[in-house]
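Next comes run.txt, with compact mmCIF, C-alpha atoms and all ligand atoms.
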# COMPACT_ATOMS: atom_id res chain seq x y z
CA MET E 23 23.09 -3.07 -21.09
CA ILE E 24 22.80 0.14 -19.07
CA THR E 25 25.15 0.20 -16.08
CA LEU E 26 25.27 2.35 -13.00
CA ASP E 27 28.24 4.27 -14.42
CA ASP E 28 26.07 5.45 -17.30
CA TYR E 29 24.18 7.65 -14.83
CA ALA E 30 27.30 9.53 -13.70
CA PRO E 31 27.19 12.12 -16.51
CA ILE E 32 23.61 12.93 -15.53
CA VAL E 33 23.72 12.96 -11.72
CA GLY E 34 27.45 13.21 -11.01
CA GLU E 35 30.16 10.70 -10.01
CA GLU E 36 29.62 11.41 -6.35
CA VAL E 37 25.99 10.24 -6.39
CA VAL E 38 26.91 6.97 -8.09
CA GLY E 39 29.81 6.42 -5.70
CA GLN E 40 27.50 6.95 -2.75
CA LEU E 41 25.20 4.17 -4.01
CA ARG E 42 28.13 1.77 -4.23
CA ARG E 43 29.23 2.63 -0.70
CA LEU E 44 25.74 2.05 0.68
CA ALA E 45 25.38 -1.21 -1.24
CA GLU E 46 28.59 -2.53 0.31
CA HIS E 47 26.61 -3.02 3.53
CA LEU E 48 24.01 -5.12 1.72
CA GLN E 49 25.90 -7.52 -0.54
CA GLY E 50 23.98 -10.71 -1.27
CA ARG E 51 20.78 -9.59 0.44
CA ARG E 52 17.70 -11.16 -1.10
CA PHE E 53 15.21 -8.44 -1.99
CA VAL E 54 11.82 -9.37 -3.45
CA HIS E 55 9.32 -6.95 -4.99
CA ILE E 56 5.75 -8.07 -5.54
CA ASN E 57 3.06 -6.25 -7.50
CA SER E 58 0.12 -7.13 -9.70
CA THR E 59 1.06 -6.15 -13.24
CA SER E 60 4.21 -6.32 -15.32
CA VAL E 61 3.05 -3.58 -17.70
CA GLY E 62 1.03 -0.40 -17.44
CA GLY E 63 1.04 2.17 -14.68
CA GLY E 64 3.75 3.71 -12.57
CA VAL E 65 4.62 0.74 -10.35
CA ALA E 66 5.55 -1.53 -13.24
CA GLU E 67 7.46 1.38 -14.75
CA ILE E 68 9.61 1.80 -11.64
CA LEU E 69 10.20 -1.91 -11.10
CA SER E 70 11.36 -2.43 -14.66
CA TRP E 71 14.49 -0.34 -14.00
CA ALA E 72 14.89 -0.70 -10.22
CA VAL E 73 15.25 -4.47 -10.26
CA PRO E 74 18.18 -4.68 -12.73
CA LEU E 75 20.02 -1.82 -11.03
CA LEU E 76 19.66 -3.30 -7.55
CA ASN E 77 21.05 -6.56 -8.94
CA GLN E 78 24.02 -4.69 -10.39
CA LEU E 79 24.66 -3.26 -6.95
CA GLY E 80 25.01 -6.78 -5.52
CA LEU E 81 21.56 -7.37 -4.04
CA GLU E 82 19.79 -10.49 -5.27
CA THR E 83 16.63 -8.76 -6.38
CA ARG E 84 13.61 -10.39 -7.96
CA TRP E 85 10.24 -9.13 -9.13
CA GLU E 86 7.14 -11.26 -8.75
CA VAL E 87 3.76 -10.50 -10.28
CA ILE E 88 0.64 -12.01 -8.74
CA LEU E 89 -2.03 -13.46 -11.00
CA GLY E 90 -5.75 -12.88 -10.63
CA ASP E 91 -9.03 -13.39 -12.43
CA PRO E 92 -11.26 -10.49 -13.55
CA ALA E 93 -13.31 -10.73 -10.35
CA PHE E 94 -10.14 -10.25 -8.28
CA PHE E 95 -9.16 -7.13 -10.21
CA GLU E 96 -12.71 -5.78 -9.78
CA VAL E 97 -12.21 -6.06 -6.02
CA THR E 98 -8.75 -4.51 -6.04
CA LYS E 99 -9.91 -1.68 -8.31
CA ALA E 100 -12.66 -1.05 -5.75
CA PHE E 101 -9.91 -0.91 -3.07
CA HIS E 102 -8.01 1.55 -5.23
CA ASN E 103 -11.09 3.72 -5.78
CA GLY E 104 -12.08 3.51 -2.11
CA LEU E 105 -8.58 4.42 -0.91
CA GLN E 106 -8.67 7.44 -3.21
CA GLY E 107 -11.97 8.51 -1.66
CA PHE E 108 -14.70 7.19 -3.99
CA LYS E 109 -17.70 5.46 -2.46
CA VAL E 110 -17.45 1.76 -3.22
CA HIS E 111 -19.41 -1.27 -2.16
CA LEU E 112 -17.49 -4.32 -1.00
CA THR E 113 -19.33 -7.49 -0.04
CA PRO E 114 -17.99 -10.26 2.24
CA ALA E 115 -17.86 -12.52 -0.83
CA MET E 116 -15.63 -10.02 -2.64
CA LEU E 117 -13.28 -9.75 0.32
CA GLU E 118 -13.10 -13.53 0.60
CA HIS E 119 -12.26 -13.80 -3.09
CA TYR E 120 -9.45 -11.29 -2.57
CA ARG E 121 -8.02 -13.43 0.23
CA GLN E 122 -8.52 -16.62 -1.76
CA VAL E 123 -6.58 -15.31 -4.80
CA ASN E 124 -3.76 -14.19 -2.52
CA ARG E 125 -3.67 -17.65 -0.94
CA GLU E 126 -3.43 -19.27 -4.38
CA ASN E 127 -0.60 -16.93 -5.38
CA ALA E 128 1.26 -17.63 -2.14
CA ARG E 129 1.56 -21.30 -3.20
CA ARG E 130 3.55 -20.23 -6.28
CA PHE E 131 6.30 -18.51 -4.28
CA SER E 132 8.97 -20.70 -2.71
CA TRP E 133 11.85 -18.20 -2.34
CA GLU E 134 13.19 -16.92 0.95
CA ALA E 135 14.11 -13.25 1.33
CA ASP E 136 15.68 -10.68 3.59
CA VAL E 137 13.24 -7.97 2.58
CA VAL E 138 9.94 -8.24 0.71
CA LEU E 139 8.45 -5.05 -0.66
CA VAL E 140 4.77 -5.50 -1.48
CA HIS E 141 3.36 -2.83 -3.76
CA ASP E 142 -0.20 -1.60 -3.23
CA PRO E 143 -3.23 -3.54 -1.91
CA GLN E 144 -3.49 -6.26 -4.56
CA PRO E 145 -0.80 -8.59 -3.11
CA ALA E 146 -0.91 -7.15 0.45
CA CYS E 147 -2.59 -10.23 1.89
CA LEU E 148 0.32 -12.51 0.90
CA ILE E 149 1.96 -11.73 4.23
CA GLU E 150 -0.66 -13.87 5.96
CA GLU E 151 0.63 -16.97 4.14
CA LEU E 152 4.30 -16.17 3.59
CA ARG E 153 5.42 -14.29 6.69
CA PRO E 154 8.12 -16.86 7.71
CA GLN E 155 9.72 -16.70 4.26
CA ALA E 156 11.18 -13.22 4.79
CA ALA E 157 12.90 -11.40 7.63
CA HIS E 158 11.25 -8.04 6.88
CA TRP E 159 7.96 -7.22 5.22
CA VAL E 160 7.36 -3.69 3.94
CA TRP E 161 4.15 -2.44 2.35
CA ARG E 162 4.57 0.24 -0.32
CA CYS E 163 1.49 2.34 -0.98
CA HIS E 164 1.51 4.14 -4.33
CA VAL E 165 -2.01 5.54 -4.27
CA ASP E 166 -3.37 8.81 -2.92
CA VAL E 167 -4.67 7.83 0.53
CA SER E 168 -5.10 11.38 1.78
CA ARG E 169 -8.88 10.92 2.17
CA PRO E 170 -9.73 7.20 2.04
CA GLN E 171 -13.17 5.67 2.49
CA LEU E 172 -12.91 4.45 6.05
CA ALA E 173 -14.55 1.06 5.48
CA VAL E 174 -11.95 0.21 2.85
CA TRP E 175 -8.99 1.45 4.84
CA ARG E 176 -10.18 -0.35 8.00
CA PHE E 177 -10.21 -3.66 6.13
CA LEU E 178 -6.78 -3.10 4.60
CA ARG E 179 -5.32 -1.71 7.80
CA GLU E 180 -5.86 -5.07 9.52
CA ILE E 181 -3.60 -6.59 6.84
CA VAL E 182 -1.10 -3.74 6.59
CA LYS E 183 -0.49 -3.58 10.33
CA GLN E 184 1.09 -7.04 10.13
CA TYR E 185 3.95 -5.51 8.15
CA ASP E 186 7.18 -4.26 9.74
CA ALA E 187 6.99 -0.90 7.99
CA SER E 188 5.15 0.96 5.27
CA ILE E 189 6.20 3.45 2.66
CA PHE E 190 4.12 6.37 1.39
CA SER E 191 5.00 8.95 -1.25
CA MET E 192 4.26 12.00 0.91
CA SER E 193 3.43 12.95 4.49
CA GLN E 194 -0.22 13.70 3.65
CA PHE E 195 -0.71 9.97 3.00
CA ALA E 196 0.69 8.71 6.32
CA GLN E 197 -1.76 6.68 8.41
CA ASN E 198 -2.37 5.55 11.95
CA LEU E 199 -0.26 2.38 11.90
CA PRO E 200 1.65 0.53 14.61
CA HIS E 201 4.95 0.46 12.71
CA PRO E 202 7.43 2.94 11.20
CA GLN E 203 6.26 4.77 8.10
CA TYR E 204 8.83 5.97 5.59
CA LEU E 205 8.30 8.66 2.97
CA ILE E 206 9.94 7.82 -0.33
CA ARG E 207 9.23 9.73 -3.53
CA PRO E 208 8.96 7.74 -6.75
CA SER E 209 11.30 8.48 -9.63
CA ILE E 210 12.03 8.07 -13.33
CA ASP E 211 14.89 6.53 -15.25
CA PRO E 212 16.51 9.15 -17.51
CA LEU E 213 18.15 6.46 -19.67
CA SER E 214 15.06 4.35 -20.33
CA GLU E 215 13.46 4.27 -23.73
CA LYS E 216 10.72 6.48 -22.30
CA ASN E 217 13.04 9.24 -21.18
CA ARG E 218 16.26 9.11 -23.17
CA ASP E 219 17.04 12.00 -25.50
CA LEU E 220 15.52 11.73 -28.97
CA THR E 221 16.48 13.40 -32.22
CA ASP E 222 13.99 15.65 -34.04
CA LYS E 223 13.91 13.02 -36.76
CA GLU E 224 12.84 10.32 -34.29
CA ILE E 225 10.10 12.58 -32.88
CA THR E 226 8.77 13.45 -36.33
CA ALA E 227 8.73 9.78 -37.32
CA VAL E 228 6.55 8.89 -34.33
CA LEU E 229 4.13 11.75 -34.99
CA HIS E 230 3.87 10.62 -38.60
CA HIS E 231 3.31 7.03 -37.56
CA LEU E 232 0.56 8.04 -35.10
CA GLY E 233 -1.09 10.29 -37.70
CA ILE E 234 -0.52 13.54 -35.80
CA GLU E 235 0.07 16.60 -37.93
CA LYS E 236 1.88 19.29 -35.97
CA ASP E 237 0.29 22.28 -37.65
CA LYS E 238 -0.79 23.90 -34.36
CA PRO E 239 0.56 23.98 -30.80
CA LEU E 240 0.12 20.61 -29.17
CA VAL E 241 -1.43 20.05 -25.74
CA LEU E 242 -0.96 16.53 -24.37
CA GLN E 243 -2.14 14.33 -21.54
CA ILE E 244 -0.83 10.78 -21.28
CA SER E 245 -2.49 8.51 -18.74
CA ARG E 246 -4.31 5.28 -18.23
CA PHE E 247 -8.00 5.86 -19.02
CA ASP E 248 -9.01 6.23 -15.40
CA SER E 249 -11.59 8.64 -14.00
CA PHE E 250 -9.09 9.97 -11.40
CA LYS E 251 -6.95 11.22 -14.31
CA ASP E 252 -9.96 13.30 -15.41
CA PRO E 253 -9.53 13.01 -19.19
CA VAL E 254 -13.04 14.39 -19.71
CA GLY E 255 -12.05 17.46 -17.67
CA VAL E 256 -9.07 17.92 -20.00
CA ILE E 257 -11.43 17.91 -22.98
CA GLN E 258 -13.62 20.53 -21.28
CA ALA E 259 -10.55 22.70 -20.66
CA PHE E 260 -9.41 22.25 -24.25
CA ARG E 261 -12.79 23.32 -25.64
CA LEU E 262 -12.53 26.53 -23.60
CA VAL E 263 -9.01 27.22 -24.87
CA ARG E 264 -9.94 26.52 -28.46
CA ARG E 265 -12.36 29.42 -28.52
CA HIS E 266 -9.41 31.78 -28.17
CA ALA E 267 -6.26 30.04 -29.36
CA PRO E 268 -5.66 27.53 -32.14
CA CYS E 269 -4.23 24.30 -30.73
CA LYS E 270 -4.60 20.52 -30.75
CA LEU E 271 -5.19 18.07 -27.96
CA VAL E 272 -3.81 14.56 -27.87
CA LEU E 273 -5.11 12.28 -25.13
CA ALA E 274 -3.00 9.15 -25.19
CA GLY E 275 -3.32 6.24 -22.88
CA GLY E 276 -3.09 2.55 -22.50
CA GLU E 277 -4.55 -0.04 -20.25
CA ALA E 278 -2.98 -1.74 -17.28
CA THR E 279 -3.76 -5.44 -16.91
CA ASP E 280 -4.86 -4.84 -13.31
CA ASP E 281 -7.29 -2.04 -14.25
CA PRO E 282 -10.68 -3.32 -15.45
CA GLU E 283 -12.29 0.13 -15.88
CA GLY E 284 -10.16 1.37 -18.77
CA ALA E 285 -12.55 0.48 -21.60
CA GLU E 286 -15.49 2.24 -19.96
CA ILE E 287 -13.55 5.46 -19.38
CA LEU E 288 -12.13 5.34 -22.90
CA ALA E 289 -15.70 5.19 -24.26
CA GLN E 290 -16.63 8.26 -22.19
CA VAL E 291 -13.58 10.10 -23.53
CA GLN E 292 -14.40 9.22 -27.12
CA GLU E 293 -17.92 10.48 -26.65
CA ALA E 294 -16.73 13.75 -25.07
CA ALA E 295 -14.29 14.28 -27.95
CA GLN E 296 -16.86 13.69 -30.69
CA GLY E 297 -17.20 16.36 -33.35
CA GLU E 298 -13.88 18.00 -32.45
CA PRO E 299 -11.32 17.36 -35.21
CA ASP E 300 -8.50 18.88 -33.16
CA ILE E 301 -8.78 16.23 -30.45
CA GLN E 302 -7.05 12.92 -31.04
CA VAL E 303 -7.58 10.04 -28.66
CA LEU E 304 -4.88 7.37 -28.95
CA LEU E 305 -4.94 3.95 -27.38
CA LEU E 306 -1.30 2.96 -26.95
CA PRO E 307 -0.02 -0.57 -26.38
CA PRO E 308 1.94 -1.10 -23.15
CA GLU E 309 5.25 -1.38 -24.98
CA ALA E 310 4.87 2.08 -26.55
CA GLN E 311 7.67 3.62 -24.45
CA HIS E 312 9.33 5.27 -27.43
CA GLU E 313 6.00 6.74 -28.59
CA VAL E 314 5.27 8.19 -25.13
CA ASN E 315 8.74 9.75 -25.12
CA ALA E 316 8.28 11.30 -28.56
CA LEU E 317 4.78 12.60 -27.80
CA GLN E 318 6.00 14.26 -24.60
CA ARG E 319 8.89 15.84 -26.48
CA ALA E 320 6.62 17.03 -29.32
CA ALA E 321 4.12 18.70 -26.96
CA ASP E 322 4.06 22.43 -26.25
CA VAL E 323 2.13 22.09 -23.00
CA ILE E 324 1.61 18.91 -20.97
CA VAL E 325 -1.39 18.43 -18.72
CA GLN E 326 -1.99 15.95 -15.90
CA LYS E 327 -5.36 17.07 -14.62
CA SER E 328 -5.78 14.35 -12.01
CA THR E 329 -8.32 14.64 -9.20
CA ARG E 330 -6.34 12.15 -7.07
CA GLU E 331 -2.75 11.12 -7.73
CA GLY E 332 -0.31 8.94 -5.83
CA PHE E 333 2.62 10.71 -7.44
CA GLY E 334 2.15 11.15 -11.18
CA LEU E 335 5.19 9.85 -13.04
CA THR E 336 3.79 11.36 -16.22
CA VAL E 337 4.39 14.76 -14.62
CA THR E 338 8.00 13.86 -13.78
CA GLU E 339 8.60 12.51 -17.29
CA ALA E 340 7.26 15.70 -18.87
CA MET E 341 9.31 17.93 -16.56
CA TRP E 342 12.45 15.97 -17.36
CA LYS E 343 11.82 16.73 -21.04
CA GLY E 344 11.86 20.43 -20.24
CA LYS E 345 8.13 20.91 -20.74
CA PRO E 346 5.81 23.25 -18.88
CA VAL E 347 3.30 21.08 -17.02
CA ILE E 348 -0.16 21.91 -15.71
CA GLY E 349 -1.33 19.48 -13.05
CA GLY E 350 -4.29 18.95 -10.77
CA ALA E 351 -3.41 20.28 -7.30
CA VAL E 352 -3.63 16.85 -5.70
CA GLY E 353 -1.42 14.17 -4.19
CA GLY E 354 2.13 13.84 -5.42
CA ILE E 355 1.65 16.35 -8.22
CA VAL E 356 1.87 19.04 -5.55
CA LEU E 357 5.38 17.81 -4.68
CA GLN E 358 6.48 18.37 -8.25
CA LEU E 359 4.83 21.51 -9.56
CA ARG E 360 5.50 24.89 -7.98
CA ASP E 361 3.41 27.70 -9.49
CA TYR E 362 5.38 29.94 -11.86
CA HIS E 363 8.58 27.90 -11.26
CA THR E 364 8.30 24.25 -12.21
CA GLY E 365 4.72 24.29 -13.56
CA PHE E 366 1.17 25.23 -12.64
CA LEU E 367 -1.36 23.66 -10.28
CA VAL E 368 -5.05 23.89 -11.13
CA HIS E 369 -8.34 22.97 -9.47
CA SER E 370 -10.88 22.97 -12.33
CA PRO E 371 -11.28 22.69 -16.11
CA GLU E 372 -11.58 26.50 -16.19
CA GLY E 373 -8.32 26.93 -14.29
CA CYS E 374 -6.65 24.42 -16.55
CA ALA E 375 -7.91 26.28 -19.66
CA PHE E 376 -6.60 29.54 -18.25
CA ARG E 377 -3.11 28.11 -17.69
CA ILE E 378 -2.98 26.43 -21.10
CA ARG E 379 -3.74 29.78 -22.75
CA TYR E 380 -1.30 31.55 -20.45
CA LEU E 381 1.53 29.24 -21.49
CA LEU E 382 0.65 29.15 -25.20
CA HIS E 383 0.88 32.93 -25.23
CA ARG E 384 4.21 33.02 -23.38
CA PRO E 385 6.59 30.63 -25.13
CA GLU E 386 9.65 32.17 -23.51
CA MET E 387 8.23 31.69 -20.03
CA ALA E 388 7.14 28.16 -20.95
CA ARG E 389 10.69 27.40 -22.03
CA ARG E 390 12.21 28.76 -18.82
CA MET E 391 9.67 26.91 -16.71
CA GLY E 392 10.56 23.69 -18.51
CA GLN E 393 14.27 24.20 -17.82
CA THR E 394 13.63 24.81 -14.11
CA ALA E 395 11.41 21.74 -14.03
CA ARG E 396 14.15 19.58 -15.55
CA GLU E 397 16.68 20.66 -12.94
CA PHE E 398 14.14 20.04 -10.16
CA VAL E 399 13.69 16.47 -11.41
CA ARG E 400 17.45 15.97 -11.68
CA THR E 401 17.85 16.83 -8.01
CA HIS E 402 14.80 15.07 -6.56
CA PHE E 403 13.15 12.50 -8.78
CA LEU E 404 15.73 10.42 -10.65
CA ILE E 405 16.28 6.75 -9.99
CA THR E 406 19.63 7.18 -8.29
CA ARG E 407 17.90 9.00 -5.43
CA HIS E 408 15.25 6.29 -5.27
CA ILE E 409 17.81 3.49 -5.11
CA ARG E 410 19.64 5.38 -2.37
CA ASP E 411 16.37 5.51 -0.39
CA TYR E 412 15.78 1.77 -0.81
CA LEU E 413 19.33 0.92 0.28
CA THR E 414 19.08 3.21 3.29
CA LEU E 415 15.75 1.68 4.23
CA MET E 416 17.23 -1.83 4.12
CA ILE E 417 20.08 -0.76 6.37
CA LEU E 418 17.58 0.76 8.81
CA LEU E 419 15.50 -2.43 8.81
CA GLU E 420 18.58 -4.46 9.66
CA ASN E 421 19.42 -2.16 12.57
CA PRO E 422 16.19 -1.78 14.52
CA GLY E 423 16.55 0.40 17.55
CA ASN E 424 20.25 1.13 16.88
CA ARG E 425 21.04 4.69 17.75
CA LEU E 426 24.22 4.79 15.72
CA ILE E 427 24.17 3.51 12.15
CA GLU E 428 27.12 4.01 9.85
CA LEU E 429 26.00 4.61 6.28
N1 LIG E 501 2.06 5.19 -19.45
C1 LIG E 501 2.42 4.56 -20.63
N2 LIG E 501 1.51 4.45 -21.61
C2 LIG E 501 0.27 4.94 -21.47
C3 LIG E 501 -0.11 5.57 -20.26
C4 LIG E 501 0.83 5.68 -19.26
O1 LIG E 501 3.57 4.11 -20.79
O2 LIG E 501 -0.52 4.80 -22.39
C5 LIG E 501 3.08 5.31 -18.41
C6 LIG E 501 3.46 6.73 -18.09
O3 LIG E 501 4.39 7.22 -19.04
C7 LIG E 501 4.02 6.57 -16.68
C8 LIG E 501 3.15 5.49 -16.10
O4 LIG E 501 2.60 4.76 -17.20
O5 LIG E 501 5.35 6.12 -16.73
C9 LIG E 501 2.00 6.05 -15.29
O6 LIG E 501 2.44 6.40 -14.03
P1 LIG E 501 1.70 7.49 -13.17
O7 LIG E 501 2.40 7.57 -11.86
O8 LIG E 501 1.60 8.78 -13.94
O9 LIG E 501 0.20 6.96 -13.00
P2 LIG E 501 -0.45 5.54 -12.60
O10 LIG E 501 -0.89 4.93 -13.90
O11 LIG E 501 0.56 4.73 -11.87
O12 LIG E 501 -1.63 5.93 -11.77

Reformat the file's structure so that it appears as structure tokens.
Amino acid sequence: MITLDDYAPIVGEEVVGQLRRLAEHLQGRRFVHINSTSVGGGVAEILSWAVPLLNQLGLETRWEVILGDPAFFEVTKAFHNGLQGFKVHLTPAMLEHYRQVNRENARRFSWEADVVLVHDPQPACLIEELRPQAAHWVWRCHVDVSRPQLAVWRFLREIVKQYDASIFSMSQFAQNLPHPQYLIRPSIDPLSEKNRDLTDKEITAVLHHLGIEKDKPLVLQISRFDSFKDPVGVIQAFRLVRRHAPCKLVLAGGEATDDPEGAEILAQVQEAAQGEPDIQVLLLPPEAQHEVNALQRAADVIVQKSTREGFGLTVTEAMWKGKPVIGGAVGGIVLQLRDYHTGFLVHSPEGCAFRIRYLLHRPEMARRMGQTAREFVRTHFLITRHIRDYLTLMILLENPGNRLIEL
């Protein structure tokens, strides 16, 4: 089992000691996280390491996953799309179904808690049934709400405003709400199977297993098959690059159980990739952590050409592996990539193609950029910083209005 001390060689003894000191104020607190999928996507990724570590620190932390039928996930995907700015149509029957599924889930939960952290809109409505079961309710928004469809946000706002606080990943996402809003960046776990160091032999074995021959420089995007991740735009960029530089593109992705649109987008990607032998589209199972790690380490350039992005853990993961990353200039990607330093931001398939070529022709610069990116992640986006933020938040919640709080 990985323990907190195992992180000391990576982040320093002082950082680990600081977590222990903060946690002393919170021994035995009951902390519940609720989301809507146990696999797939960034939220499940974070919870899978945050929950055990918080328990090690002496907080009784549990992770609940709400259940829903396909119609429920159609509604919540429409919320997701609407919050990220797409036009969506929600009928009163759909909204009632959303409430109904939340009511049914509420009956499954009998715990009591000090703090409940509800992730994203899917379980947001639970507060209406379960409010007395926890002292503090916090809503954590992981999506890019910089330009939401107003009808969708107005509906959700009526629910969210019942919370004691909300958390967003960056200031651009903050909303008009009657409670405190906290900005907490997501993070990655450097010791997880997805991010731990791998030997060359392990990387080669995965490539072999996935049928990828590394006879040319490898460009990679790993994401759920979601239109906001713009996989078709990546293919367009790749076709432009290919005219000038030999390279391969791997588009790898899986499906999240709370995302009903994956199959449709995958079909679009397969069609766009047709007739191009240097493009490989891989559908990965949710447990393919080791494969994702190896693919990211095998790549020469990593792309995350999103058109909206809550944060983009795939960017963080790639940076941690010392890779040069090209990302869409949106949402949380902007917090991570600084042009010419930690990566490149782009606004179009043409811009993306330009930067891929630029990096393929400058391996020394790509290497330096990757090293800078890794150090940037070490300082800002590792799990120890995230845990510190959660602990600090809990202390703040327990001391409302106090002007002097000893951390
Ligand atoms: N991921 C994965 N397999 C896949 C696609 C994605 O394990 O086929 C992981 C990816 O490595 C990252 C997370 O899912 O840890 C995606 O998080 P991100 O913030 O990039 O996007 P989200 O899916 O939450 O929008």

What is the distance, in Å and to one decimal place, between CA of Trp85 in chain E and CA of His141 in chain E?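 Going from CA of Trp85 in chain E over to CA of His141 in chain E, I get 10.8 Å.
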
Nearest to Leu415 in chain E by atom-to-atom distance, counting all atoms listed in the file, from E:Asp211, E:Asp27, E:Glu277, E:Asp186: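 Closest to Leu415 in chain E, using all atoms listed in the file: E:Asp186.
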
Using only C-alpha atoms and all ligand atoms, determine which residues fall within 10 Å of ligand LIG 501 (chain E), then list them as an MDAnalysis selection string. chainID E and resid 61:68 164:166 208:211 216:217 243:248 250:251 273:278 281 304:315 318 326 328 330:340 354:355

Taking (14.9, -0.1, -8.6) in the file's coordinates, which residues come within 9 Å, counting all atoms listed in the file, written as a ChimeraX atom specification? /E:68-77,405-406,408-409,412

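Shortest atom-to-atom contact with His158 in chain E among E:Ala100, E:Val174, E:Val182, E:Val138: E:Val138, counting all atoms listed in the file.
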
Would you mind reading off the distance between CA of Ala187 in chain E and CA of Arg51 in chain E, one decimal, in Å? 18.0 Å
